[in-house]
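Structure data follow from run.pdb (PDB, C-alpha atoms):
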ATOM      1  CA  MET K   1      -2.833  53.268 -24.027
ATOM      2  CA  LYS K   2      -4.780  50.696 -26.058
ATOM      3  CA  LYS K   3      -1.511  49.093 -27.134
ATOM      4  CA  LEU K   4      -0.379  48.954 -23.512
ATOM      5  CA  ILE K   5      -3.651  47.311 -22.434
ATOM      6  CA  ALA K   6      -3.335  44.806 -25.248
ATOM      7  CA  ILE K   7       0.211  43.939 -24.193
ATOM      8  CA  PHE K   8      -0.827  43.511 -20.567
ATOM      9  CA  TYR K   9      -3.741  41.332 -21.678
ATOM     10  CA  LEU K  10      -1.492  39.116 -23.764
ATOM     11  CA  MET K  11       1.022  38.829 -20.936
ATOM     12  CA  SER K  12      -1.716  37.850 -18.484
ATOM     13  CA  MET K  13      -2.989  35.209 -20.890
ATOM     14  CA  VAL K  14       0.513  33.768 -21.240
ATOM     15  CA  PHE K  15       0.936  33.797 -17.470
ATOM     16  CA  GLN K  16      -2.397  32.029 -16.949
ATOM     17  CA  ALA K  17      -1.534  29.425 -19.552
ATOM     18  CA  ASN K  18       1.803  28.787 -17.889
ATOM     19  CA  ALA K  19       0.159  28.670 -14.463
ATOM     20  CA  GLN K  20      -2.278  25.941 -15.461
ATOM     21  CA  PRO K  21      -1.371  22.589 -13.915
ATOM     22  CA  PRO K  22      -0.414  19.850 -16.379
ATOM     23  CA  THR K  23      -3.212  17.480 -17.380
ATOM     24  CA  PHE K  24      -0.995  14.425 -17.976
ATOM     25  CA  ASP K  25      -3.262  13.331 -20.838
ATOM     26  CA  ASP K  26      -0.208  11.883 -22.578
ATOM     27  CA  LEU K  27       0.299   9.499 -19.660
ATOM     28  CA  LEU K  28      -3.320   8.396 -19.781
ATOM     29  CA  ILE K  29      -2.976   7.669 -23.507
ATOM     30  CA  LEU K  30       0.192   5.616 -22.991
ATOM     31  CA  PHE K  31      -1.539   3.606 -20.270
ATOM     32  CA  ALA K  32      -4.605   3.029 -22.455
ATOM     33  CA  ASP K  33      -2.290   1.821 -25.243
ATOM     34  CA  GLY K  34      -0.592  -0.589 -22.860
ATOM     35  CA  ASN K  35       2.779   0.998 -23.567
ATOM     36  CA  TYR K  36       4.017   0.564 -20.013
ATOM     37  CA  PRO K  37       7.801   0.835 -20.654
ATOM     38  CA  LYS K  38       7.367   4.199 -22.375
ATOM     39  CA  LEU K  39       4.927   5.302 -19.679
ATOM     40  CA  ILE K  40       7.548   4.588 -17.008
ATOM     41  CA  LYS K  41      10.127   6.584 -18.961
ATOM     42  CA  GLU K  42       7.766   9.536 -19.481
ATOM     43  CA  THR K  43       6.737   9.677 -15.838
ATOM     44  CA  ALA K  44      10.430   9.626 -14.876
ATOM     45  CA  LYS K  45      10.902  12.717 -17.057
ATOM     46  CA  TYR K  46       7.954  14.465 -15.411
ATOM     47  CA  ALA K  47       9.418  13.612 -11.995
ATOM     48  CA  GLU K  48      12.438  15.781 -12.856
ATOM     49  CA  LYS K  49      10.415  18.825 -13.940
ATOM     50  CA  ASP K  50       9.818  21.546 -11.374
ATOM     51  CA  ASP K  51       6.311  22.257 -12.721
ATOM     52  CA  ALA K  52       5.231  18.597 -12.504
ATOM     53  CA  LYS K  53       7.222  16.695  -9.891
ATOM     54  CA  ASN K  54       4.944  17.700  -7.019
ATOM     55  CA  PHE K  55       1.785  16.303  -8.585
ATOM     56  CA  PRO K  56       0.630  12.895  -7.302
ATOM     57  CA  GLU K  57      -0.519  12.022 -10.849
ATOM     58  CA  VAL K  58       3.096  11.595 -11.979
ATOM     59  CA  PHE K  59       3.838   8.844  -9.486
ATOM     60  CA  TYR K  60       0.349   7.360  -9.761
ATOM     61  CA  TRP K  61       0.868   6.668 -13.468
ATOM     62  CA  MET K  62       4.379   5.431 -12.781
ATOM     63  CA  ALA K  63       3.042   2.991 -10.180
ATOM     64  CA  LYS K  64       0.253   1.815 -12.495
ATOM     65  CA  ALA K  65       2.726   1.108 -15.277
ATOM     66  CA  GLN K  66       5.069  -0.762 -12.931
ATOM     67  CA  TYR K  67       2.193  -2.777 -11.500
ATOM     68  CA  LYS K  68       0.860  -3.746 -14.918
ATOM     69  CA  ILE K  69       4.249  -4.625 -16.353
ATOM     70  CA  SER K  70       4.957  -6.878 -13.356
ATOM     71  CA  PHE K  71       2.389  -9.344 -14.720
ATOM     72  CA  ILE K  72       4.187  -9.668 -18.063
ATOM     73  CA  ALA K  73       6.268 -12.837 -17.862
ATOM     74  CA  ASP K  74       8.724 -11.997 -20.656
ATOM     75  CA  ARG K  75       9.233  -8.370 -19.635
ATOM     76  CA  ASN K  76      12.573  -6.657 -20.108
ATOM     77  CA  GLU K  77      15.212  -7.276 -17.457
ATOM     78  CA  ASP K  78      14.988  -3.583 -16.531
ATOM     79  CA  TYR K  79      11.547  -4.254 -15.083
ATOM     80  CA  LYS K  80      12.184  -7.567 -13.306
ATOM     81  CA  ASN K  81      11.442  -5.890  -9.950
ATOM     82  CA  ALA K  82       8.546  -3.812 -11.249
ATOM     83  CA  PHE K  83       6.113  -4.945  -8.553
ATOM     84  CA  LYS K  84       8.516  -3.982  -5.772
ATOM     85  CA  ASP K  85       9.286  -0.705  -7.530
ATOM     86  CA  CYS K  86       5.640   0.250  -7.725
ATOM     87  CA  PHE K  87       5.513   0.616  -3.945
ATOM     88  CA  GLY K  88       8.161   3.324  -4.035
ATOM     89  CA  SER K  89       6.083   5.174  -6.616
ATOM     90  CA  ILE K  90       2.940   4.715  -4.530
ATOM     91  CA  SER K  91       4.712   6.128  -1.483
ATOM     92  CA  LYS K  92       5.732   9.241  -3.438
ATOM     93  CA  CYS K  93       2.227   9.602  -4.852
ATOM     94  CA  ILE K  94       0.670   9.513  -1.399
ATOM     95  CA  LYS K  95       3.206  11.989  -0.002
ATOM     96  CA  LYS K  96       2.448  14.447  -2.816
ATOM     97  CA  ASP K  97      -1.282  14.059  -2.162
ATOM     98  CA  LYS K  98      -1.380  16.452   0.794
ATOM     99  CA  SER K  99      -5.192  16.524   1.111
ATOM    100  CA  GLY K 100      -5.723  12.806   0.578
ATOM    101  CA  THR K 101      -8.386  13.430  -2.055
ATOM    102  CA  PHE K 102      -6.352  11.907  -4.886
ATOM    103  CA  TYR K 103      -5.935   8.695  -2.916
ATOM    104  CA  LYS K 104      -9.673   8.501  -2.292
ATOM    105  CA  GLU K 105     -10.478   9.120  -5.958
ATOM    106  CA  HIS K 106      -8.116   6.360  -7.095
ATOM    107  CA  ARG K 107      -8.524   3.994  -4.166
ATOM    108  CA  GLU K 108      -9.445   1.101  -6.457
ATOM    109  CA  PHE K 109      -5.903   0.964  -7.847
ATOM    110  CA  PHE K 110      -4.280   1.044  -4.414
ATOM    111  CA  SER K 111      -6.713  -1.671  -3.364
ATOM    112  CA  ASP K 112      -5.710  -3.875  -6.315
ATOM    113  CA  VAL K 113      -2.040  -3.529  -5.432
ATOM    114  CA  LYS K 114      -2.733  -4.370  -1.778
ATOM    115  CA  LYS K 115      -4.737  -7.465  -2.789
ATOM    116  CA  THR K 116      -1.782  -8.733  -4.822
ATOM    117  CA  LEU K 117       0.557  -7.986  -1.929
ATOM    118  CA  VAL K 118      -1.631  -9.903   0.530
ATOM    119  CA  GLU K 119      -1.624 -12.942  -1.761
ATOM    120  CA  MET K 120       2.173 -12.900  -1.960
ATOM    121  CA  ILE K 121       2.435 -12.625   1.826
ATOM    122  CA  LYS K 122       0.008 -15.522   2.273
ATOM    123  CA  ASN K 123       1.994 -17.697  -0.120
ATOM    124  CA  ASP K 124       5.231 -17.090   1.772
ATOM    125  CA  LEU K 125       3.582 -17.717   5.141
ATOM    126  CA  GLU K 126       2.178 -21.013   3.883
ATOM    127  CA  ALA K 127       5.680 -21.947   2.727
ATOM    128  CA  LYS K 128       6.961 -20.852   6.162
ATOM    129  CA  ASP K 129       9.401 -18.516   4.447
ATOM    130  CA  TYR K 130       9.104 -15.867   7.149
ATOM    131  CA  ARG K 131      12.036 -13.768   5.990
ATOM    132  CA  LYS K 132      10.590 -13.393   2.535
ATOM    133  CA  ALA K 133       7.124 -12.730   3.953
ATOM    134  CA  ALA K 134       8.575  -9.998   6.183
ATOM    135  CA  GLY K 135      10.117  -8.349   3.129
ATOM    136  CA  TRP K 136       6.735  -8.162   1.437
ATOM    137  CA  ILE K 137       5.009  -7.047   4.628
ATOM    138  CA  GLN K 138       7.269  -4.001   4.771
ATOM    139  CA  LYS K 139       5.879  -2.896   1.406
ATOM    140  CA  ALA K 140       2.509  -2.368   3.090
ATOM    141  CA  TYR K 141       3.983   0.614   4.944
ATOM    142  CA  LYS K 142       4.457   2.366   1.603
ATOM    143  CA  ILE K 143       0.677   2.550   1.344
ATOM    144  CA  ASN K 144      -0.009   3.081   5.040
ATOM    145  CA  PRO K 145       2.983   3.850   7.315
ATOM    146  CA  THR K 146       0.968   2.881  10.418
ATOM    147  CA  ASP K 147      -0.560  -0.306   9.027
ATOM    148  CA  MET K 148      -1.535  -2.170  12.201
ATOM    149  CA  ALA K 149      -1.917  -5.545  10.489
ATOM    150  CA  ALA K 150       1.527  -5.220   8.932
ATOM    151  CA  LYS K 151       3.093  -4.392  12.287
ATOM    152  CA  TYR K 152       1.498  -7.376  14.025
ATOM    153  CA  LEU K 153       2.452  -9.684  11.180
ATOM    154  CA  GLU K 154       5.989  -8.388  10.833
ATOM    155  CA  GLY K 155       6.337  -9.013  14.573
ATOM    156  CA  ALA K 156       5.191 -12.604  14.091
ATOM    157  CA  CYS K 157       7.699 -13.113  11.271
ATOM    158  CA  LYS K 158      10.505 -11.710  13.398
ATOM    159  CA  PHE K 159       9.562 -14.082  16.202
ATOM    160  CA  ARG K 160       9.689 -17.030  13.788
ATOM    161  CA  VAL K 161      13.242 -16.141  12.758
ATOM    162  CA  GLN K 162      14.334 -15.837  16.398
ATOM    163  CA  ASP K 163      14.296 -12.030  16.547
ATOM    164  CA  LYS K 164      12.220 -11.913  19.727
ATOM    165  CA  GLY K 165      13.320  -8.404  20.641
ATOM    166  CA  GLY K 166      12.190  -7.054  17.283
ATOM    167  CA  ALA K 167       8.939  -8.991  17.567
ATOM    168  CA  ASN K 168       8.099  -7.616  21.001
ATOM    169  CA  ALA K 169       8.879  -4.036  19.930
ATOM    170  CA  LEU K 170       6.493  -4.321  16.979
ATOM    171  CA  TRP K 171       3.783  -5.975  19.061
ATOM    172  CA  LYS K 172       3.950  -3.162  21.613
ATOM    173  CA  GLU K 173       3.425  -0.613  18.823
ATOM    174  CA  SER K 174       0.591  -2.725  17.459
ATOM    175  CA  GLU K 175      -1.151  -2.987  20.829
ATOM    176  CA  LYS K 176      -1.350   0.805  21.044
ATOM    177  CA  LEU K 177      -2.837   0.996  17.559
ATOM    178  CA  LEU K 178      -5.336  -1.756  18.389
ATOM    179  CA  ALA K 179      -6.423   0.011  21.584
ATOM    180  CA  ALA K 180      -7.181   3.122  19.538
ATOM    181  CA  THR K 181      -9.176   1.208  16.888
ATOM    182  CA  LYS K 182     -12.923   1.201  17.504
ATOM    183  CA  SER K 183     -14.064  -0.393  14.260
ATOM    184  CA  ILE K 184     -12.788  -1.765  10.944
ATOM    185  CA  ASP K 185     -16.080  -1.303   9.102
ATOM    186  CA  ASP K 186     -14.577   1.228   6.698
ATOM    187  CA  TRP K 187     -11.559  -0.942   5.882
ATOM    188  CA  MET K 188     -11.128  -2.494   2.452
ATOM    189  CA  ASP K 189     -11.549  -6.284   2.248
ATOM    190  CA  GLU K 190      -7.844  -6.884   1.695
ATOM    191  CA  ASP K 191      -7.000  -4.870   4.813
ATOM    192  CA  LYS K 192      -9.430  -6.965   6.855
ATOM    193  CA  GLU K 193      -7.913 -10.124   5.390
ATOM    194  CA  LEU K 194      -4.352  -9.093   6.234
ATOM    195  CA  PHE K 195      -5.420  -8.132   9.745
ATOM    196  CA  LYS K 196      -7.116 -11.494  10.242
ATOM    197  CA  ILE K 197      -3.964 -13.295   9.115
ATOM    198  CA  SER K 198      -1.866 -11.151  11.442
ATOM    199  CA  MET K 199      -4.081 -11.967  14.406
ATOM    200  CA  PHE K 200      -3.770 -15.725  14.017
ATOM    201  CA  GLU K 201      -0.057 -15.635  13.211
ATOM    202  CA  THR K 202       0.531 -13.537  16.336
ATOM    203  CA  ALA K 203      -1.740 -15.758  18.439
ATOM    204  CA  GLU K 204       0.228 -18.825  17.324
ATOM    205  CA  CYS K 205       3.437 -17.085  18.360
ATOM    206  CA  TYR K 206       1.981 -16.420  21.818
ATOM    207  CA  ILE K 207       1.070 -20.099  22.101
ATOM    208  CA  ALA K 208       4.605 -21.043  21.070
ATOM    209  CA  MET K 209       5.761 -18.740  23.882
ATOM    210  CA  ARG K 210       3.513 -20.744  26.253
ATOM    211  CA  GLN K 211       1.214 -17.783  26.736
ATOM    212  CA  PRO K 212      -2.146 -19.175  25.514
ATOM    213  CA  GLU K 213      -4.083 -16.695  27.644
ATOM    214  CA  LYS K 214      -2.442 -13.852  25.704
ATOM    215  CA  ALA K 215      -3.485 -15.499  22.438
ATOM    216  CA  ARG K 216      -7.076 -15.841  23.635
ATOM    217  CA  ASP K 217      -7.128 -12.252  24.852
ATOM    218  CA  LEU K 218      -5.879 -10.924  21.508
ATOM    219  CA  LEU K 219      -8.425 -12.863  19.468
ATOM    220  CA  GLY K 220     -11.182 -11.915  21.904
ATOM    221  CA  LYS K 221     -10.509  -8.238  21.243
ATOM    222  CA  VAL K 222     -11.087  -8.565  17.496
ATOM    223  CA  ALA K 223     -13.671 -11.372  17.277
ATOM    224  CA  GLN K 224     -16.548  -8.862  17.113
ATOM    225  CA  TRP K 225     -15.188  -7.553  13.813
ATOM    226  CA  TYR K 226     -15.330 -10.961  12.147
ATOM    227  CA  GLU K 227     -18.821 -12.118  13.041
ATOM    228  CA  GLY K 228     -20.122 -14.287  10.209
ATOM    229  CA  ASP K 229     -16.613 -15.099   8.980
ATOM    230  CA  GLU K 230     -16.506 -18.910   9.116
ATOM    231  CA  ASP K 231     -12.769 -19.069   8.562
ATOM    232  CA  PHE K 232     -12.162 -16.773  11.530
ATOM    233  CA  LYS K 233     -14.616 -18.723  13.675
ATOM    234  CA  ALA K 234     -12.958 -22.063  12.933
ATOM    235  CA  LYS K 235      -9.475 -20.810  13.759
ATOM    236  CA  TYR K 236     -10.755 -18.892  16.779
ATOM    237  CA  ASP K 237     -12.461 -21.991  18.182
ATOM    238  CA  ALA K 238      -9.307 -24.053  17.666
ATOM    239  CA  ILE K 239      -7.304 -21.637  19.794
ATOM    240  CA  VAL K 240      -9.796 -20.333  22.334
ATOM    241  CA  ASN K 241     -11.924 -23.408  23.039
TER     242      ASN K 241
END
Re-express the file's structure as structure tokens.
Amino acid sequence: MKKLIAIFYLMSMVFQANAQPPTFDDLLILFADGNYPKLIKETAKYAEKDDAKNFPEVFYWMAKAQYKISFIADRNEDYKNAFKDCFGSISKCIKKDKSGTFYKEHREFFSDVKKTLVEMIKNDLEAKDYRKAAGWIQKAYKINPTDMAAKYLEGACKFRVQDKGGANALWKESEKLLAATKSIDDWMDEDKELFKISMFETAECYIAMRQPEKARDLLGKVAQWYEGDEDFKAKYDAIVN
């Protein structure tokens, strides 16, 4: 009997050990060492394992490595599109994070990526390269599939490249999202910045459509959220007054 109990005890210990979720300490170490190429390869291996592929950590570390390596000018050709690739990893990470707690715990990283994305969008808008800007805007949906600012701004870009049907469809979606938004107080700064850009780009499209009243109405709906923002005020006054 004692032998039987001992066997059952050992089996239960083995089962518990096998049931423990992976800690991914090896990925943390690779990131700390700055070994991003190896980190990408190791996370790709984890993504194929049944006991690991459903953990958001796998794709979080993959995204972090891709993001970091994208800033290395002389990186290997295999990682030339690392910044774009990181959005696919982020999307998978968020999908695996069913409760949303992982996203909240690591929001700083997602915020950093979004800040970089907003800068790239701004650069393309300033260069009036609306097709390229639209390509980057679509990456925002990987972080938030219902990103209202992205929808408004993608609509503006479509209008600028003569896709008026696509623009109007996106603006209609955006209007519904805006009507349901009571406040942006809990938004990150980069989300507020992208939304501000989207408002003025859309307003300028309405003016180009000879619908200045629609531009004024749109900006009037969001002006309360940008009180104290001198940049918003200056652009608002130029359009509304």
- Query: Smallest atom-to-atom distance to Gln66 in chain K: which of K:Tyr46, K:Tyr36, K:Tyr226, K:Phe159, using all atoms listed in the file?
  - Reply: K:Tyr36
List every protein, DNA or RNA residue that has an atom no more than 12 Å from (-6.3, 13.4, -5.2) in the file's coordinate frame, counting only C-alpha atoms, and report them as a compact mmCIF listing (two decimals) with C-alpha atoms, in the coordinates of the input.
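To be explicit, this is the file written out as result23.txt:
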# COMPACT_ATOMS: atom_id res chain seq x y z
CA PHE K 55 1.78 16.30 -8.59
CA PRO K 56 0.63 12.90 -7.30
CA GLU K 57 -0.52 12.02 -10.85
CA VAL K 58 3.10 11.60 -11.98
CA PHE K 59 3.84 8.84 -9.49
CA TYR K 60 0.35 7.36 -9.76
CA CYS K 93 2.23 9.60 -4.85
CA ILE K 94 0.67 9.51 -1.40
CA LYS K 95 3.21 11.99 0.00
CA LYS K 96 2.45 14.45 -2.82
CA ASP K 97 -1.28 14.06 -2.16
CA LYS K 98 -1.38 16.45 0.79
CA SER K 99 -5.19 16.52 1.11
CA GLY K 100 -5.72 12.81 0.58
CA THR K 101 -8.39 13.43 -2.06
CA PHE K 102 -6.35 11.91 -4.89
CA TYR K 103 -5.94 8.70 -2.92
CA LYS K 104 -9.67 8.50 -2.29
CA GLU K 105 -10.48 9.12 -5.96
CA HIS K 106 -8.12 6.36 -7.10
CA ARG K 107 -8.52 3.99 -4.17
Box for range 94-110 of chain K: with edges along x, y and z, all listed atoms inside and 5 Å added on each side, what are the centre and edge lengths in Å to one decimal, as lines of an AutoDock Vina configuration file?
center_x = -3.6
center_y = 8.7
center_z = -3.4
size_x = 23.7
size_y = 25.6
size_z = 19.0
For the contact check between range 95-155 of chain K and range 177-180 of chain K, emit one row per residue of range 95-155 of chain K within 9 Å, containing the shortest atom pair and the distance in Å rounded to one decimal, counting all atoms listed in the file, chain then rising number order, as CSV.
residue,atom,partner,partner_atom,distance
K:Thr146,CA,K:Leu177,CA,8.3
K:Asp147,CA,K:Leu177,CA,8.9
K:Met148,CA,K:Leu177,CA,6.4
- Task: Please indicate the distance in Å from CA of Phe232 in chain K to CA of Leu153 in chain K, rounded to one decimal place.
- Result: 16.2 Å
- Message: I need the output of the PyMOL selection byres ((chain K and resi 196-201) around 7) for this file as a VMD selection string; which residues are they?
- Response: chain K and resid 149 152 to 153 156 192 to 195 202 to 205 219
What residues come out when you apply the PyMOL selection byres ((chain K and resi 41) around 12) to this file, written as a PDB file with C-alpha atoms, in the coordinates of the input?
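After the write, out_1.pdb holds the following:
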ATOM      1  CA  LEU K  27       0.299   9.499 -19.660  1.00  0.00           C
ATOM      2  CA  LEU K  30       0.192   5.616 -22.991  1.00  0.00           C
ATOM      3  CA  ASN K  35       2.779   0.998 -23.567  1.00  0.00           C
ATOM      4  CA  TYR K  36       4.017   0.564 -20.013  1.00  0.00           C
ATOM      5  CA  PRO K  37       7.801   0.835 -20.654  1.00  0.00           C
ATOM      6  CA  LYS K  38       7.367   4.199 -22.375  1.00  0.00           C
ATOM      7  CA  LEU K  39       4.927   5.302 -19.679  1.00  0.00           C
ATOM      8  CA  ILE K  40       7.548   4.588 -17.008  1.00  0.00           C
ATOM      9  CA  GLU K  42       7.766   9.536 -19.481  1.00  0.00           C
ATOM     10  CA  THR K  43       6.737   9.677 -15.838  1.00  0.00           C
ATOM     11  CA  ALA K  44      10.430   9.626 -14.876  1.00  0.00           C
ATOM     12  CA  LYS K  45      10.902  12.717 -17.057  1.00  0.00           C
ATOM     13  CA  TYR K  46       7.954  14.465 -15.411  1.00  0.00           C
ATOM     14  CA  ALA K  47       9.418  13.612 -11.995  1.00  0.00           C
ATOM     15  CA  GLU K  48      12.438  15.781 -12.856  1.00  0.00           C
ATOM     16  CA  VAL K  58       3.096  11.595 -11.979  1.00  0.00           C
ATOM     17  CA  PHE K  59       3.838   8.844  -9.486  1.00  0.00           C
ATOM     18  CA  TRP K  61       0.868   6.668 -13.468  1.00  0.00           C
ATOM     19  CA  MET K  62       4.379   5.431 -12.781  1.00  0.00           C
ATOM     20  CA  ALA K  63       3.042   2.991 -10.180  1.00  0.00           C
ATOM     21  CA  ALA K  65       2.726   1.108 -15.277  1.00  0.00           C
ATOM     22  CA  GLN K  66       5.069  -0.762 -12.931  1.00  0.00           C
ATOM     23  CA  ASP K  78      14.988  -3.583 -16.531  1.00  0.00           C
ATOM     24  CA  TYR K  79      11.547  -4.254 -15.083  1.00  0.00           C
TER      25      TYR K  79
END
- If you apply the PyMOL selection byres ((chain K and resi 161) around 12) to this file, what residues do you get, as an MDAnalysis selection string? chainID K and resid 128:134 154:160 162:167 205
